Amino acid sequence: MDASVIREVGRIRADFPMLAEWTHMNCGGMAPLPHSVGAELLRVPQTVVSEGPLQLLGHEESFLRHDAAREVLARFINASADEIAFTTQFSTAVNIVIEGMTWAEGDEIIVSGEEHPALLIPVLNLARRRGLRVRRMPVSHDADEMLEEFRARLTPRTRLVAVSHVTTDSGITLPVHEMTRLAHEQGSLVLLDAAHSLGQFRVDVKALDCDFYAMVGYKWVMGPYPSAALYIKRDLLDDIDVTWTGSRATVGGGTQMELDDLEWVDGARRFEYGGRPFSYDTAMAAGIEYVETLGLDAVAAHSRRLAEMFRDGLAGIPGAHLKSPHDPDRMTGIAAVALDGVTGVDLSAILRDRYRFVTRPALRGTSVRISFAAFIDDHDVERLLKTLGMIVREGS
Ligand SMILES: Cc1ncc(COP(=O)(O)O)c(C=O)c1O
């Protein structure tokens, strides 16, 4: 396949059985699964059914391919494998970081005005328990405006900036390079929510220089639900206390463990403990490999082009309002749209029940969020625009 352009959407679509029946424009919610990811997800349990659990019991890497999956994810974001912990839930990744940091009453955390509860709930819970102050930076379509709002909230008490790389509802890319630089100057750490950046475009955590990158596997990298992982900058590993732990997290922790054997395994793997959902982790890596075969730059350009096509088409529909940015540096393959006279909740239901488009209500139910993934083509966008035009004209 051409490295820079997605040409054969039909061939991609054939990898996803679900797409025979649906136009799935909610990759930002949960991706459909391609055959290869489904096969990886079932590989270990099917072998256990047919051959028994001996290889699983022995945690044989040749069978589990878990370290190999860690390598795949690390390479994908330009990290090293010892900086990656599989966490299953996104919120677990956030909890590992924030519960492992050392806090004093009055310390501050900055979040953005468009954070997902998966990040906000752990942060608010921590703040309530430890007497911290959470400051909210409004999100807009203008980078300079956002940086101004950010600077206004950054103080000597800021210990952590915890914001989305790409926001969940309107798909805005925050100016995270500059925010990270400013935060570091002030002595604050930076945790980015990567749910909507991983798989949408090329990510290089070293270039971003963020301290923590909390990732989700079941959206733009087309892995299974649930799957998630955390990148922790190597130098910070020993600064984050291990809070919840258990078997297999230590070097000394065999069944005959001594009382002085509490030495963590090297790398971010120390945050994984107990029985692990290996298949979900390796299937997340299979999703990444699938996206890599399409060509990540090609996928990013394709999604962006469709989002632009949608934006241009919306301009011709009276009563339709784009809630996502026009600025090429801020926009992504996510577009939120509001129609006069119809709530986002109703619109999403109409699109699903009458026209077989999968979307999701957004911006507190006022809009609908559309995700333009690699398996969406021009024809889908044209059909969506035509459908929206019809809904506006008919009043529902
Ligand atoms: C921005 C963002 N962060 C995190 C998540 C992960 O949420 P959860 O932990 O419920 O899987 C999502 C999922 O929708 C999201 O959109």
# chains A, B, ... in the order shown; residues from 1 in each chain; ligands from 1
$ residues_near_ligand --ligand "ligand 1" --cutoff "8 Å" --atoms "only C-alpha atoms and all ligand atoms" --output "PyMOL selection string"
chain A and resi 28-30+89-92+115-119+164+166-169+193-196+215-216+219+225-228
$ write_last_selection --atoms "C-alpha atoms" --output "mmCIF file, in the first residue's frame"
data_model
loop_
_atom_site.group_PDB
_atom_site.id
_atom_site.type_symbol
_atom_site.label_atom_id
_atom_site.label_comp_id
_atom_site.auth_asym_id
_atom_site.auth_seq_id
_atom_site.Cartn_x
_atom_site.Cartn_y
_atom_site.Cartn_z
ATOM 1 C CA GLY A 28 -13.030 7.952 19.110
ATOM 2 C CA GLY A 29 -15.464 5.988 21.286
ATOM 3 C CA MET A 30 -14.558 2.415 20.521
ATOM 4 C CA GLN A 89 -7.746 0.854 32.299
ATOM 5 C CA PHE A 90 -6.832 4.387 31.420
ATOM 6 C CA SER A 91 -7.757 5.523 34.935
ATOM 7 C CA THR A 92 -5.334 3.016 36.430
ATOM 8 C CA GLU A 115 -11.214 16.498 30.234
ATOM 9 C CA HIS A 116 -12.780 13.051 30.309
ATOM 10 C CA PRO A 117 -14.076 11.733 33.657
ATOM 11 C CA ALA A 118 -11.491 8.954 33.390
ATOM 12 C CA LEU A 119 -8.865 11.597 34.174
ATOM 13 C CA SER A 164 -5.579 15.929 26.934
ATOM 14 C CA VAL A 166 -6.352 15.888 21.838
ATOM 15 C CA THR A 167 -9.656 16.742 23.530
ATOM 16 C CA THR A 168 -12.376 14.155 23.595
ATOM 17 C CA ASP A 169 -15.409 16.078 22.317
ATOM 18 C CA ASP A 193 -4.216 11.988 28.136
ATOM 19 C CA ALA A 194 -3.395 10.266 24.857
ATOM 20 C CA ALA A 195 -6.761 8.582 24.275
ATOM 21 C CA HIS A 196 -7.313 10.546 21.053
ATOM 22 C CA MET A 215 -2.821 5.689 26.428
ATOM 23 C CA VAL A 216 -5.942 3.823 25.371
ATOM 24 C CA LYS A 219 -9.881 3.781 20.002
ATOM 25 C CA TYR A 225 -11.771 -2.918 25.061
ATOM 26 C CA PRO A 226 -10.446 -2.523 27.636
ATOM 27 C CA SER A 227 -6.778 -1.915 26.966
ATOM 28 C CA ALA A 228 -4.525 0.877 28.142
#
$ residues_around --residues "A:Arg270" --least-positions-apart "2" --cutoff "9 Å" --atoms "only C-alpha atoms" --output "list in words"
Ala85, Val242, Thr245, Arg248, Ala249, Thr250, Trp264, Val265, Asp266, Gly267, Ala268, Glu272 and Tyr273 of chain A
$ write_last_selection --atoms "all heavy atoms" --output "mmCIF file, in the first residue's frame"
data_model
loop_
_atom_site.group_PDB
_atom_site.id
_atom_site.type_symbol
_atom_site.label_atom_id
_atom_site.label_comp_id
_atom_site.auth_asym_id
_atom_site.auth_seq_id
_atom_site.Cartn_x
_atom_site.Cartn_y
_atom_site.Cartn_z
ATOM 1 N N ALA A 85 4.189 0.610 31.023
ATOM 2 C CA ALA A 85 3.428 -0.335 31.851
ATOM 3 C C ALA A 85 2.067 -0.532 31.194
ATOM 4 O O ALA A 85 1.414 0.448 30.815
ATOM 5 C CB ALA A 85 3.228 0.225 33.257
ATOM 6 N N VAL A 242 5.341 3.177 44.366
ATOM 7 C CA VAL A 242 4.391 2.114 44.022
ATOM 8 C C VAL A 242 3.332 2.099 45.126
ATOM 9 O O VAL A 242 3.664 1.965 46.309
ATOM 10 C CB VAL A 242 5.120 0.754 43.934
ATOM 11 C CG1 VAL A 242 4.124 -0.366 43.683
ATOM 12 C CG2 VAL A 242 6.183 0.790 42.842
ATOM 13 N N THR A 245 0.139 -2.887 44.789
ATOM 14 C CA THR A 245 1.077 -3.847 44.208
ATOM 15 C C THR A 245 0.690 -5.281 44.575
ATOM 16 O O THR A 245 -0.319 -5.509 45.251
ATOM 17 C CB THR A 245 2.521 -3.510 44.637
ATOM 18 O OG1 THR A 245 3.430 -4.348 43.921
ATOM 19 C CG2 THR A 245 2.730 -3.675 46.139
ATOM 20 N N ARG A 248 4.655 -10.731 41.452
ATOM 21 C CA ARG A 248 5.407 -10.537 40.207
ATOM 22 C C ARG A 248 5.893 -9.097 39.993
ATOM 23 O O ARG A 248 6.429 -8.776 38.941
ATOM 24 C CB ARG A 248 4.609 -11.022 38.993
ATOM 25 C CG ARG A 248 4.184 -12.482 39.089
ATOM 26 C CD ARG A 248 3.446 -12.952 37.860
ATOM 27 N NE ARG A 248 4.309 -12.896 36.685
ATOM 28 C CZ ARG A 248 5.195 -13.827 36.366
ATOM 29 N NH1 ARG A 248 5.342 -14.896 37.127
ATOM 30 N NH2 ARG A 248 5.938 -13.705 35.294
ATOM 31 N N ALA A 249 5.693 -8.208 40.967
ATOM 32 C CA ALA A 249 6.168 -6.833 40.808
ATOM 33 C C ALA A 249 7.585 -6.654 41.350
ATOM 34 O O ALA A 249 8.206 -5.616 41.118
ATOM 35 C CB ALA A 249 5.230 -5.865 41.518
ATOM 36 N N THR A 250 8.097 -7.640 42.079
ATOM 37 C CA THR A 250 9.426 -7.494 42.679
ATOM 38 C C THR A 250 10.415 -8.521 42.137
ATOM 39 O O THR A 250 10.036 -9.557 41.590
ATOM 40 C CB THR A 250 9.367 -7.660 44.215
ATOM 41 O OG1 THR A 250 8.954 -8.995 44.508
ATOM 42 C CG2 THR A 250 8.414 -6.673 44.851
ATOM 43 N N TRP A 264 11.710 -3.703 43.661
ATOM 44 C CA TRP A 264 10.876 -3.662 42.453
ATOM 45 C C TRP A 264 11.638 -4.174 41.243
ATOM 46 O O TRP A 264 12.847 -3.955 41.136
ATOM 47 C CB TRP A 264 10.376 -2.232 42.156
ATOM 48 C CG TRP A 264 9.635 -1.612 43.287
ATOM 49 C CD1 TRP A 264 9.935 -0.442 43.915
ATOM 50 C CD2 TRP A 264 8.474 -2.137 43.940
ATOM 51 N NE1 TRP A 264 9.028 -0.208 44.924
ATOM 52 C CE2 TRP A 264 8.124 -1.232 44.968
ATOM 53 C CE3 TRP A 264 7.698 -3.281 43.780
ATOM 54 C CZ2 TRP A 264 7.035 -1.426 45.811
ATOM 55 C CZ3 TRP A 264 6.612 -3.481 44.631
ATOM 56 C CH2 TRP A 264 6.284 -2.564 45.620
ATOM 57 N N VAL A 265 10.937 -4.804 40.332
ATOM 58 C CA VAL A 265 11.573 -5.166 39.064
ATOM 59 C C VAL A 265 11.957 -3.871 38.359
ATOM 60 O O VAL A 265 11.393 -2.807 38.635
ATOM 61 C CB VAL A 265 10.641 -6.007 38.143
ATOM 62 C CG1 VAL A 265 10.383 -7.373 38.723
ATOM 63 C CG2 VAL A 265 9.349 -5.283 37.842
ATOM 64 N N ASP A 266 12.902 -3.985 37.462
ATOM 65 C CA ASP A 266 13.374 -2.786 36.785
ATOM 66 C C ASP A 266 12.288 -2.270 35.835
ATOM 67 O O ASP A 266 11.492 -3.031 35.309
ATOM 68 C CB ASP A 266 14.641 -3.135 35.987
ATOM 69 C CG ASP A 266 15.412 -1.873 35.632
ATOM 70 O OD1 ASP A 266 15.257 -0.870 36.351
ATOM 71 O OD2 ASP A 266 16.140 -1.899 34.620
ATOM 72 N N GLY A 267 12.268 -0.991 35.647
ATOM 73 C CA GLY A 267 11.376 -0.411 34.640
ATOM 74 C C GLY A 267 9.936 -0.279 35.106
ATOM 75 O O GLY A 267 9.565 -0.636 36.226
ATOM 76 N N ALA A 268 9.101 0.233 34.181
ATOM 77 C CA ALA A 268 7.706 0.518 34.506
ATOM 78 C C ALA A 268 6.882 -0.742 34.742
ATOM 79 O O ALA A 268 5.764 -0.667 35.254
ATOM 80 C CB ALA A 268 7.088 1.343 33.374
ATOM 81 N N GLU A 272 2.874 -3.281 37.165
ATOM 82 C CA GLU A 272 1.952 -4.362 36.799
ATOM 83 C C GLU A 272 2.088 -5.439 37.874
ATOM 84 O O GLU A 272 3.197 -5.775 38.259
ATOM 85 C CB GLU A 272 2.351 -4.955 35.440
ATOM 86 C CG GLU A 272 2.293 -3.950 34.296
ATOM 87 C CD GLU A 272 2.952 -4.491 33.008
ATOM 88 O OE1 GLU A 272 3.284 -5.693 32.942
ATOM 89 O OE2 GLU A 272 3.145 -3.685 32.096
ATOM 90 N N TYR A 273 1.012 -5.953 38.352
ATOM 91 C CA TYR A 273 1.122 -6.999 39.378
ATOM 92 C C TYR A 273 -0.052 -7.970 39.268
ATOM 93 O O TYR A 273 -1.073 -7.664 38.653
ATOM 94 C CB TYR A 273 1.169 -6.377 40.777
ATOM 95 C CG TYR A 273 -0.087 -5.610 41.138
ATOM 96 C CD1 TYR A 273 -1.138 -6.235 41.813
ATOM 97 C CD2 TYR A 273 -0.229 -4.276 40.801
ATOM 98 C CE1 TYR A 273 -2.297 -5.535 42.133
ATOM 99 C CE2 TYR A 273 -1.377 -3.575 41.106
ATOM 100 C CZ TYR A 273 -2.409 -4.204 41.771
ATOM 101 O OH TYR A 273 -3.550 -3.524 42.070
#
$ atom_distance --atom1 "atom CA of A:Gly131" --atom2 "atom CA of A:Arg364"
28.5 Å
$ residues_around --residues "A:Ala338" --least-positions-apart "5" --cutoff "12 Å" --atoms "only C-alpha atoms" --output "count of residues only"
31
$ closest_atom_pairs --of "stretch 220-248 of chain A" --to "stretch 61-70 of chain A" --cutoff "12 Å" --atoms "only C-alpha atoms" --output "JSON lines"
{"residue": "A:Ala228", "atom": "CA", "partner": "A:Arg70", "partner_atom": "CA", "distance": 11.6}
{"residue": "A:Ala229", "atom": "CA", "partner": "A:Arg70", "partner_atom": "CA", "distance": 9.3}
{"residue": "A:Leu230", "atom": "CA", "partner": "A:Arg70", "partner_atom": "CA", "distance": 10.7}
{"residue": "A:Tyr231", "atom": "CA", "partner": "A:Arg70", "partner_atom": "CA", "distance": 10.6}
$ write_last_selection --atoms "N, CA and C atoms" --output "short mmCIF file (atom, residue, chain, number, x, y, z; two decimals), in the first residue's frame"
data_model
loop_
_atom_site.label_atom_id
_atom_site.label_comp_id
_atom_site.auth_asym_id
_atom_site.auth_seq_id
_atom_site.Cartn_x
_atom_site.Cartn_y
_atom_site.Cartn_z
N ALA A 228 -5.12 -0.43 27.85
CA ALA A 228 -4.53 0.88 28.14
C ALA A 228 -3.09 0.67 28.60
N ALA A 229 -2.33 1.74 28.57
CA ALA A 229 -0.92 1.65 28.99
C ALA A 229 -0.44 3.02 29.41
N LEU A 230 0.67 3.00 30.12
CA LEU A 230 1.25 4.24 30.63
C LEU A 230 2.72 4.32 30.25
N TYR A 231 3.12 5.46 29.71
CA TYR A 231 4.55 5.76 29.53
C TYR A 231 4.99 6.61 30.71
#
$ select_by_dssp --residues "stretch 72-246 of chain A" --states "strand (DSSP E or B)" --output "PyMOL selection string"
chain A and resi 84-86+108-112+133-137+158-164+166+173+189-193+198+201+212-216+228-232
$ select_by_dssp --residues "stretch 94-295 of chain A" --states "helix (DSSP H, G or I)" --output "MDAnalysis selection string"
chainID A and resid 94:100 117:130 143:153 176:185 205:208 234:239 268:271 278:294
$ atom_distance --atom1 "atom CA of A:His184" --atom2 "atom CA of A:Val163"
14.5 Å
$ closest_residue --among "A:Val299, A:Ile350, A:Val221, A:Ala286" --to "A:Cys27" --atoms "only C-alpha atoms"
A:Val221
$ closest_atom_pairs --of "stretch 218-238 of chain A" --to "stretch 98-110 of chain A" --cutoff "12 Å" --atoms "only C-alpha atoms" --output "Markdown table"
| residue | atom | partner | partner_atom | distance |
| --- | --- | --- | --- | --- |
| A:Ile232 | CA | A:Gly100 | CA | 11.9 |
| A:Leu236 | CA | A:Met101 | CA | 10.2 |
| A:Leu237 | CA | A:Gly100 | CA | 10.1 |
| A:Asp238 | CA | A:Gly100 | CA | 9.9 |
$ residues_around --residues "stretch 137-142 of chain A" --least-positions-apart "2" --cutoff "12 Å" --atoms "only C-alpha atoms" --output "PDB file with C-alpha atoms, in the first residue's frame"
ATOM      1  CA  ILE A 109      -3.052  20.566  39.491  1.00  0.00           C
ATOM      2  CA  ILE A 110      -4.078  22.106  36.168  1.00  0.00           C
ATOM      3  CA  VAL A 111      -6.618  20.324  33.978  1.00  0.00           C
ATOM      4  CA  SER A 112      -8.349  21.581  30.857  1.00  0.00           C
ATOM      5  CA  GLY A 113     -12.024  22.435  30.496  1.00  0.00           C
ATOM      6  CA  GLU A 114     -12.599  19.418  28.245  1.00  0.00           C
ATOM      7  CA  GLU A 115     -11.214  16.498  30.234  1.00  0.00           C
ATOM      8  CA  VAL A 134      -7.533  21.898  40.881  1.00  0.00           C
ATOM      9  CA  ARG A 135      -7.476  24.704  38.343  1.00  0.00           C
ATOM     10  CA  ASP A 144      -2.261  31.636  21.804  1.00  0.00           C
ATOM     11  CA  GLU A 145      -5.469  32.103  23.739  1.00  0.00           C
ATOM     12  CA  MET A 146      -5.044  28.676  25.372  1.00  0.00           C
ATOM     13  CA  LEU A 147      -1.426  29.421  26.289  1.00  0.00           C
ATOM     14  CA  GLU A 148      -2.482  32.677  27.873  1.00  0.00           C
ATOM     15  CA  GLU A 149      -5.137  30.882  29.926  1.00  0.00           C
ATOM     16  CA  PHE A 150      -2.561  28.259  30.853  1.00  0.00           C
ATOM     17  CA  ARG A 151       0.063  30.791  31.967  1.00  0.00           C
ATOM     18  CA  ALA A 152      -2.587  32.513  34.098  1.00  0.00           C
ATOM     19  CA  ARG A 153      -3.104  29.279  36.058  1.00  0.00           C
ATOM     20  CA  LEU A 154       0.500  28.121  36.344  1.00  0.00           C
ATOM     21  CA  VAL A 161      -0.468  19.532  34.560  1.00  0.00           C
ATOM     22  CA  ALA A 162      -2.900  16.785  33.536  1.00  0.00           C
ATOM     23  CA  VAL A 163      -4.500  17.544  30.183  1.00  0.00           C
ATOM     24  CA  SER A 164      -5.579  15.929  26.934  1.00  0.00           C
ATOM     25  CA  HIS A 165      -3.199  15.837  24.010  1.00  0.00           C
ATOM     26  CA  VAL A 166      -6.352  15.888  21.838  1.00  0.00           C
ATOM     27  CA  THR A 167      -9.656  16.742  23.530  1.00  0.00           C
ATOM     28  CA  THR A 168     -12.376  14.155  23.595  1.00  0.00           C
ATOM     29  CA  ASP A 169     -15.409  16.078  22.317  1.00  0.00           C
ATOM     30  CA  SER A 170     -14.221  18.646  19.819  1.00  0.00           C
ATOM     31  CA  GLY A 171     -10.932  16.980  18.880  1.00  0.00           C
ATOM     32  CA  ILE A 172      -8.742  20.011  19.567  1.00  0.00           C
ATOM     33  CA  THR A 173      -4.983  19.471  19.738  1.00  0.00           C
ATOM     34  CA  LEU A 174      -3.750  21.404  22.750  1.00  0.00           C
ATOM     35  CA  PRO A 175      -0.420  23.261  22.384  1.00  0.00           C
ATOM     36  CA  MET A 179       2.591  23.897  27.775  1.00  0.00           C
ATOM     37  CA  LEU A 322     -19.055  22.982  13.389  1.00  0.00           C
ATOM     38  CA  LYS A 323     -17.763  22.993  16.976  1.00  0.00           C
ATOM     39  CA  SER A 324     -14.235  21.880  16.098  1.00  0.00           C
ATOM     40  CA  PRO A 325     -11.298  24.043  15.011  1.00  0.00           C
ATOM     41  CA  HIS A 326     -10.492  25.128  11.451  1.00  0.00           C
ATOM     42  CA  ASP A 327      -6.826  25.790  12.219  1.00  0.00           C
ATOM     43  CA  PRO A 328      -4.808  22.909  10.655  1.00  0.00           C
ATOM     44  CA  ASP A 329      -2.488  22.835  13.698  1.00  0.00           C
ATOM     45  CA  ARG A 330      -5.409  22.354  16.071  1.00  0.00           C
ATOM     46  CA  MET A 331      -7.861  20.185  14.101  1.00  0.00           C
ATOM     47  CA  THR A 332      -7.794  16.374  13.970  1.00  0.00           C
TER      48      THR A 332
END
$ closest_residue --among "A:Leu120, A:Ala349, A:Ile334, A:Ile84" --to "A:Arg136" --atoms "only C-alpha atoms"
A:Leu120
$ closest_residue --among "A:Arg276, A:Arg181, A:Arg354, A:His302" --to "A:Gln200" --atoms "only C-alpha atoms"
A:His302
$ closest_residue --among "A:Thr180, A:Met18, A:Lys386, A:Leu56" --to "A:Arg43" --atoms "only C-alpha atoms"
A:Leu56
$ closest_residue --among "A:Gly333, A:Gly287, A:Leu124, A:Ser303" --to "A:Leu33" --atoms "only C-alpha atoms"
A:Gly287
$ atom_distance --atom1 "atom CA of A:Glu308" --atom2 "atom CA of A:Val37"
29.6 Å
$ residues_around --residues "A:Glu292" --least-positions-apart "4" --cutoff "9 Å" --atoms "only C-alpha atoms" --output "ChimeraX atom specification"
/A:76,199,287-288,296
$ write_last_selection --atoms "all heavy atoms" --output "short mmCIF file (atom, residue, chain, number, x, y, z; two decimals), in the first residue's frame"
data_model
loop_
_atom_site.label_atom_id
_atom_site.label_comp_id
_atom_site.auth_asym_id
_atom_site.auth_seq_id
_atom_site.Cartn_x
_atom_site.Cartn_y
_atom_site.Cartn_z
N PHE A 76 6.33 2.56 18.97
CA PHE A 76 5.28 3.38 18.34
C PHE A 76 5.30 4.83 18.85
O PHE A 76 4.92 5.74 18.13
CB PHE A 76 3.93 2.73 18.66
CG PHE A 76 2.77 3.23 17.84
CD1 PHE A 76 2.80 3.17 16.45
CD2 PHE A 76 1.63 3.74 18.45
CE1 PHE A 76 1.72 3.61 15.69
CE2 PHE A 76 0.54 4.18 17.70
CZ PHE A 76 0.59 4.11 16.31
N GLY A 199 -2.47 6.85 17.61
CA GLY A 199 -3.09 6.25 16.43
C GLY A 199 -3.72 7.27 15.49
O GLY A 199 -4.06 6.94 14.37
N GLY A 287 -3.25 -4.19 17.30
CA GLY A 287 -3.94 -3.03 16.72
C GLY A 287 -2.94 -2.01 16.20
O GLY A 287 -3.07 -1.48 15.10
N ILE A 288 -1.91 -1.78 17.02
CA ILE A 288 -0.87 -0.83 16.60
C ILE A 288 -0.20 -1.32 15.31
O ILE A 288 0.01 -0.56 14.36
CB ILE A 288 0.17 -0.65 17.73
CG1 ILE A 288 -0.47 0.12 18.89
CG2 ILE A 288 1.43 0.05 17.22
CD1 ILE A 288 0.37 0.18 20.14
N LEU A 296 0.89 5.23 9.32
CA LEU A 296 0.29 6.20 10.26
C LEU A 296 0.16 7.59 9.64
O LEU A 296 -0.84 8.28 9.85
CB LEU A 296 1.12 6.24 11.55
CG LEU A 296 0.51 7.04 12.68
CD1 LEU A 296 -0.90 6.57 13.02
CD2 LEU A 296 1.38 6.96 13.91
#
